[in-house]
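K.L.:
Just dropping this structure here.
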Amino acid sequence: MEQASAAAIVDTHGRVTGWSEGARELTGWPAEEAVGRAARELLAQEPPPGGPAALTGTVLVRHRDGTAVPLTLRSWPLLGADGAPHGYAVTTGPPGDAPLVLTGETFRQSSVSMSVHDVHQRYLRANDTACRMLGVPEEELIGRLLPEVMEGVDADGSGFLRHLRRVAETGRPTQYESYTPVSSRLGEHTWTVEMWPVRDADDQIAAVAMAGFDTTGQHRARQRLDLLNEAAAGIGTTLDVVRTAEELIEFLVPRFADFASVDLLDWVLGATEPLAVAAENVSLRRVAHRAAREGFPHPSVHLGESDVYPPYSGPARAVKEGRAVLSGPGEEDFDRWMRARNAQAPHNRGFRDRVRSTLSVPLRARGTILGVGVLARADPQAPYVADDVVLAEELASRAAVCVDNARRFARERSTALALQHSLLPTGLPGQAAVEVAHRYLPSGSAAGIGGDWFDVIPLSGSRVALVVGDVVGHGIPSSATMGRLCTAVRTLADVDLPPDELLTHLDDLVTHLASGDDGDGDGVAEVGATCLYAVYDPVTQNLTLAGAGHPAPALVLPDGTARLVPMSAGPPLGVGGLPFESTELRLPEGAVVALYTDGLIEDRDRDVDHATAELCRSLAAPVASLDALCDSVLKAVMPENPSDDIALLLARTRALGADRVATWDVSADPAQVAATRRSVMARLTAWGLDETAFVTELVVSELVTNAIRYGEPPIQLRLIRDRSLICEVSDGSSTSPHLRRAHAFDEGGRGLLLVAQLTQRWGSRQTGSGKTIWAEQPLPAE
């Protein structure tokens, strides 16, 4: 309905007191029906607050036929003689009045690109912002499609025109994001485009309106945030310096650079501490580089090579100044650096001539410069700007921390490995009881080197102790604890304690270590360990073993059958208050005992029973030597990517037969000493050891006499011909002898001193029925 000029008078009580002919034409209400009514009865909406004075603006008026008519109204106060309003004149005017004019000007002057298109996607209107963006005046746009104005826009029909058609066909508004490349007339921009249908009075779609919002800044901010989030998850996935640098390059190219490289100072790749940067030229080693696409020239510096950067170059300035350096063509230092690079690698001249800008960013972590990352953009990419510098510095900072973490891990791992290797036996001592072979594999996981250890300890009487253990944790503290336990085991083994008693003393030591030096229990450290201690006697062929939370050893008999040794596992060391139990079994000569740590059979996704069965099968396989058996066992049983250290100790038993051992039972009668000496001399002659007769006679005489005088029956003498000649005297008394120096007028006390001076080693050990005093002397050279 065409809006005509009209007027009405409303008193201060809101009643109509005047009605013009124009008002009748607009609303259908004649004056005789309108005058006297309340104004709110003529409105199709709730009256605005404020009474008649508020009837200004677009208001819905009820037509006499029941329809709602939008009218643009304005309320004018009618003042009386006293200056107070006695009523209000409400007027309206034809189209083109101020509100509609302002609406049109708002559309035309809007800073948002706006346009209106018909249902065939042709321009009907375009505001000034849209015309400026397109570079075309409005009169040239009317009636044309956008691809006719801008070449290459929507050439495949998948973007702008497709959305316009969808809104025209469905009547549903839409919103999407559009991107114009750097090569377009508009340059590189991101737009959020909103389209909505425009309906006529009959509710039919007459046109489609469009508004485009330049969201380039927001889009770039989202890209940077996404890149930082991806970098946080994707850089530093391994504790490897070079791989971390490669991961940084993979993030930068091609989304942020056409070419990127990472160069590190030499000390970062070694085990040394930070070194001072040279005052002039800076030497850096290339660890990673990448180009955006195939066909880029090969870098002038190869991976692993060092290059010297002059002081005016971007990388050298970034290292010395500790900040990002942005440079590009036209700058004296940049052009000078490019000329030097072109002379160094002429094949890269074409690429360097197209470089728009470079960004050299220092890799700084914990206040220390580790190296520099160099980024380059070439035509047709836009040069770097200040926001790019901020992003590059953030990425470089995160990567630098990961590089420093990897460097520190490598240094700590190297230190822990060196410490552990220094504590583990490098050459096992010679002994006749067993033939041994061993393997130790440090963990390659991020947790670091563990505390696994093994040892072979010769004992008196040709016996040998076999030990494996595992300290809880990884790294240098674990290796240091392992060294203390390994030393303690050797000390306790020298006392010749039975396996269960040795583990009891070792458990006390671990408990003491866990409680701290002050012993008050505050700040208890997490110290714990497992251990398996076994003693093999080649004379009796008995194996006695006890465990502290450690996997049971495997046993392979000479007939090829393999099984685990049934034994009590015992509590781990450090638990305290629980007993350890020994297990004893007799082994045939040639049996193989396999001691190992849990890293060999345990892993996160592995069944321990299956791994143990595989261990027994691999041990039973025929091989040429124990060393070969070690390798075949590791190949068959070891996890693919072990997360813990692995120690494996194999021992093949030997036996000392009757031709190498002589035993005599001695009665507690001093007169038997002479007869015992004669028997010993005869056996030495049979063994061809007459050269040792003098010393052996004195040792036998002294030890047997002491046993008769101070010990208790039964008394037994045993000679063992092994790598040395061993003389052992056992009796039923548990009292241990003590070496002392006799005075001039003492009648006794010189015997043990004489034994100690004449023999290579001597000592005593407790047995289940008493004690044994032993002495060793070297065999004569053959």
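Please note that chains go A, B, ... in the order of the structure tokens, that every chain numbers its residues from 1, and that ligands are numbered from 1 in the order shown.
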So which bits of region 167-284 of chain A end up strand (DSSP E) when you DSSP the backbone, as a ChimeraX atom specification?

P.N.:
/A:174-180,189-199,205-214,259-264,282-284

K.L.:
Write out, as a short mmCIF file (atom, residue, chain, number, x, y, z; two decimals), in the first residue's frame, the residues just selected, with N, CA and C atoms.

P.N.:
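Saved as selection_24.cif:
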data_model
loop_
_atom_site.label_atom_id
_atom_site.label_comp_id
_atom_site.auth_asym_id
_atom_site.auth_seq_id
_atom_site.Cartn_x
_atom_site.Cartn_y
_atom_site.Cartn_z
N THR A 174 22.17 -18.68 4.26
CA THR A 174 23.38 -19.50 4.38
C THR A 174 24.55 -18.61 4.75
N GLN A 175 25.57 -19.22 5.26
CA GLN A 175 26.83 -18.54 5.63
C GLN A 175 27.97 -19.46 5.29
N TYR A 176 29.00 -18.94 4.65
CA TYR A 176 30.16 -19.76 4.33
C TYR A 176 31.39 -18.87 4.29
N GLU A 177 32.55 -19.51 4.28
CA GLU A 177 33.83 -18.79 4.26
C GLU A 177 34.44 -18.90 2.89
N SER A 178 34.88 -17.79 2.36
CA SER A 178 35.47 -17.74 1.02
C SER A 178 36.90 -17.25 1.12
N TYR A 179 37.71 -17.73 0.20
CA TYR A 179 39.14 -17.40 0.21
C TYR A 179 39.55 -16.94 -1.17
N THR A 180 40.25 -15.80 -1.22
CA THR A 180 40.81 -15.33 -2.48
C THR A 180 42.32 -15.44 -2.40
N HIS A 189 42.87 -12.87 0.82
CA HIS A 189 41.87 -12.46 1.81
C HIS A 189 40.97 -13.63 2.14
N THR A 190 40.40 -13.57 3.33
CA THR A 190 39.38 -14.53 3.75
C THR A 190 38.12 -13.75 4.07
N TRP A 191 36.98 -14.26 3.55
CA TRP A 191 35.70 -13.58 3.73
C TRP A 191 34.69 -14.53 4.37
N THR A 192 33.90 -13.98 5.27
CA THR A 192 32.72 -14.68 5.75
C THR A 192 31.52 -14.07 5.04
N VAL A 193 30.85 -14.86 4.22
CA VAL A 193 29.77 -14.39 3.37
C VAL A 193 28.44 -14.87 3.93
N GLU A 194 27.49 -13.92 4.09
CA GLU A 194 26.13 -14.26 4.51
C GLU A 194 25.17 -13.92 3.39
N MET A 195 24.27 -14.83 3.09
CA MET A 195 23.26 -14.64 2.05
C MET A 195 21.89 -14.96 2.64
N TRP A 196 20.89 -14.16 2.28
CA TRP A 196 19.53 -14.40 2.77
C TRP A 196 18.52 -13.99 1.70
N PRO A 197 17.37 -14.63 1.69
CA PRO A 197 16.36 -14.30 0.68
C PRO A 197 15.63 -13.00 1.01
N VAL A 198 15.24 -12.26 -0.03
CA VAL A 198 14.42 -11.04 0.11
C VAL A 198 13.06 -11.34 -0.51
N ARG A 199 11.99 -11.23 0.30
CA ARG A 199 10.64 -11.59 -0.16
C ARG A 199 9.81 -10.33 -0.42
N ILE A 205 10.10 -15.09 -3.17
CA ILE A 205 11.50 -14.69 -3.19
C ILE A 205 11.75 -13.84 -4.42
N ALA A 206 12.04 -12.57 -4.17
CA ALA A 206 12.26 -11.64 -5.27
C ALA A 206 13.74 -11.41 -5.53
N ALA A 207 14.58 -11.61 -4.52
CA ALA A 207 16.01 -11.34 -4.68
C ALA A 207 16.77 -12.06 -3.56
N VAL A 208 18.09 -12.02 -3.71
CA VAL A 208 18.99 -12.57 -2.67
C VAL A 208 19.97 -11.48 -2.28
N ALA A 209 20.02 -11.19 -0.98
CA ALA A 209 20.94 -10.19 -0.48
C ALA A 209 22.20 -10.87 0.04
N MET A 210 23.30 -10.17 -0.07
CA MET A 210 24.59 -10.75 0.34
C MET A 210 25.41 -9.69 1.07
N ALA A 211 26.07 -10.14 2.15
CA ALA A 211 27.01 -9.28 2.88
C ALA A 211 28.30 -10.05 3.08
N GLY A 212 29.41 -9.42 2.79
CA GLY A 212 30.72 -10.06 2.94
C GLY A 212 31.55 -9.37 3.99
N PHE A 213 32.02 -10.12 4.96
CA PHE A 213 32.83 -9.57 6.05
C PHE A 213 34.27 -10.03 5.86
N ASP A 214 35.20 -9.09 5.84
CA ASP A 214 36.62 -9.41 5.70
C ASP A 214 37.12 -9.97 7.02
N PHE A 259 60.88 -22.48 2.09
CA PHE A 259 62.08 -23.23 2.45
C PHE A 259 62.40 -22.93 3.91
N ALA A 260 62.85 -23.94 4.64
CA ALA A 260 63.23 -23.74 6.04
C ALA A 260 64.39 -24.67 6.38
N SER A 261 65.21 -24.23 7.29
CA SER A 261 66.35 -25.04 7.74
C SER A 261 66.56 -24.80 9.23
N VAL A 262 67.18 -25.78 9.87
CA VAL A 262 67.55 -25.68 11.28
C VAL A 262 69.03 -26.00 11.39
N ASP A 263 69.80 -25.05 11.93
CA ASP A 263 71.23 -25.21 12.17
C ASP A 263 71.47 -25.10 13.67
N LEU A 264 72.29 -25.99 14.21
CA LEU A 264 72.58 -26.00 15.64
C LEU A 264 74.05 -25.77 15.89
N VAL A 282 79.88 -17.05 12.83
CA VAL A 282 79.19 -18.04 13.64
C VAL A 282 79.16 -19.36 12.87
N SER A 283 79.69 -20.42 13.48
CA SER A 283 79.70 -21.74 12.86
C SER A 283 78.52 -22.55 13.37
N LEU A 284 77.71 -23.04 12.44
CA LEU A 284 76.52 -23.82 12.76
C LEU A 284 76.51 -25.09 11.93
#

K.L.:
Just how far from CA of Phe454 (chain A) is CA of Leu506 (chain A), in Å to one decimal?

P.N.:
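Going from CA of Leu506 (chain A) over to CA of Phe454 (chain A), I get 15.1 Å.
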
K.L.:
Leaving out region 118-135 of chain A and any residue of its chain fewer than 2 positions from it, which residues lie within 8 Å of it when counting only C-alpha atoms, given as a list of chain:residue names?

P.N.:
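Contacts, with the query itself left out: A:Phe107, A:Arg108, A:Gln109, A:Ser110, A:Ser111, A:Val112, A:Ser113, A:Met114, A:Ser115, A:Val116, A:Pro137, A:Glu138, A:Leu141, A:Ile142, A:Gly143, A:Arg144, A:Leu145, A:Leu146, A:Val149, A:Met150, A:Leu161, A:Leu164, A:Arg165, A:Ala168, A:Leu186, A:Ile205, A:Ala206, A:Ala207, A:Val208.
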
K.L.:
How many Å separate CA of Glu435 (chain A) from CA of Arg652 (chain A)?

P.N.:
5.0 Å

K.L.:
Give me the residues within 7 Å of Arg439 (chain A) as a list in words, counting only C-alpha atoms and dropping any in the same chain fewer than 6 places off.

P.N.:
Cys630, Ala647, Leu648 and Leu649 of chain A

K.L.:
At a cut-off of 8 Å, using only C-alpha atoms, what residues contact region 573-589 of chain A? Leave out same-chain residues fewer than 2 positions from it and give the result as an MDAnalysis selection string.

P.N.:
chainID A and resid 499:501 503:504 506:511 514 527:531 540:549 557:558 567:568 570:571 591 652:655

K.L.:
Now that the selection is made, can you save its residues with C-alpha atoms as a JSON list (two decimals), in the first residue's frame?

P.N.:
[["chain", "number", "residue", "atom", "x", "y", "z"],
["A", 499, "PRO", "CA", 71.52, -67.08, 49.84],
["A", 500, "ASP", "CA", 68.54, -66.51, 52.16],
["A", 501, "GLU", "CA", 70.69, -64.76, 54.81],
["A", 503, "LEU", "CA", 69.07, -61.39, 50.86],
["A", 504, "THR", "CA", 67.97, -60.60, 54.41],
["A", 506, "LEU", "CA", 70.49, -56.81, 51.46],
["A", 507, "ASP", "CA", 66.85, -56.10, 52.31],
["A", 508, "ASP", "CA", 67.99, -54.19, 55.41],
["A", 509, "LEU", "CA", 70.32, -52.10, 53.24],
["A", 510, "VAL", "CA", 67.56, -51.18, 50.77],
["A", 511, "THR", "CA", 65.24, -50.28, 53.65],
["A", 514, "ALA", "CA", 64.75, -45.75, 51.28],
["A", 527, "VAL", "CA", 63.90, -47.15, 46.43],
["A", 528, "GLY", "CA", 63.20, -50.78, 45.72],
["A", 529, "ALA", "CA", 64.83, -53.67, 43.94],
["A", 530, "THR", "CA", 64.56, -57.34, 43.07],
["A", 531, "CYS", "CA", 67.41, -59.83, 43.25],
["A", 540, "THR", "CA", 78.53, -81.60, 45.46],
["A", 541, "GLN", "CA", 76.89, -80.30, 42.23],
["A", 542, "ASN", "CA", 74.27, -78.57, 44.39],
["A", 543, "LEU", "CA", 72.65, -75.27, 43.37],
["A", 544, "THR", "CA", 71.25, -73.24, 46.27],
["A", 545, "LEU", "CA", 69.26, -70.15, 45.40],
["A", 546, "ALA", "CA", 66.91, -67.58, 46.89],
["A", 547, "GLY", "CA", 64.92, -64.77, 45.29],
["A", 548, "ALA", "CA", 63.61, -61.37, 46.35],
["A", 549, "GLY", "CA", 60.67, -60.60, 44.06],
["A", 557, "LEU", "CA", 69.21, -80.24, 31.38],
["A", 558, "PRO", "CA", 71.74, -82.06, 29.19],
["A", 567, "MET", "CA", 61.19, -71.70, 44.07],
["A", 568, "SER", "CA", 59.71, -69.13, 46.41],
["A", 570, "GLY", "CA", 60.13, -63.88, 48.14],
["A", 571, "PRO", "CA", 59.25, -60.23, 48.71],
["A", 591, "ALA", "CA", 73.15, -78.24, 32.81],
["A", 652, "ARG", "CA", 76.79, -74.16, 32.23],
["A", 653, "THR", "CA", 77.72, -76.32, 35.20],
["A", 654, "ARG", "CA", 80.92, -78.28, 35.60],
["A", 655, "ALA", "CA", 81.76, -80.97, 38.19]]

K.L.:
Which residue out of A:Leu417, A:Leu225, A:Cys402, A:Val308 has the minimum interatomic distance to Thr244 (chain A) when only C-alpha atoms are used?

P.N.:
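Using only C-alpha atoms, Thr244 (chain A) sits closest to A:Cys402.
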
K.L.:
Using only C-alpha atoms for the distances, tell me which of A:Pro566, A:Gly104, A:Gly590, A:Pro642 is nearest to Val434 (chain A).

P.N.:
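Going through A:Pro566, A:Gly104, A:Gly590, A:Pro642 one by one, the smallest distance to Val434 (chain A) is for A:Gly590.
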
K.L.:
In Å, how far is it from CA of Gly473 (chain A) to CA of His550 (chain A)?

P.N.:
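CA of Gly473 (chain A) sits 15.4 Å away from CA of His550 (chain A).
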
K.L.:
Please run DSSP on the backbone and report, as an MDAnalysis selection string, all residues within region 138-256 of chain A that come out as helix (DSSP H, G or I).

P.N.:
chainID A and resid 138:141 146:149 160:170 216:234 241:252

K.L.:
Using only C-alpha atoms for the distances, tell me which of A:Gly763, A:Gly732, A:Gly234, A:Gly373 is nearest to Tyr710 (chain A).

P.N.:
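Looking at the shortest contact to Tyr710 (chain A), the residue is A:Gly732.
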
K.L.:
So which residues touch Val637 (chain A) within 8 Å, counting only C-alpha atoms, skipping near sequence neighbours fewer than 3 positions away, as a list of chain:residue names?

P.N.:
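Counting only the stated atoms, we get A:Leu600, A:Ile601, A:Ala611, A:Glu614, A:Leu615, A:Ser618, A:Val633, A:Leu634.
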
K.L.:
Can you pull out every residue within 8 Å of region 395-397 of chain A, counting only C-alpha atoms, but drop anything in the same chain fewer than 6 positions away, and send it as a count of residues only?

P.N.:
9
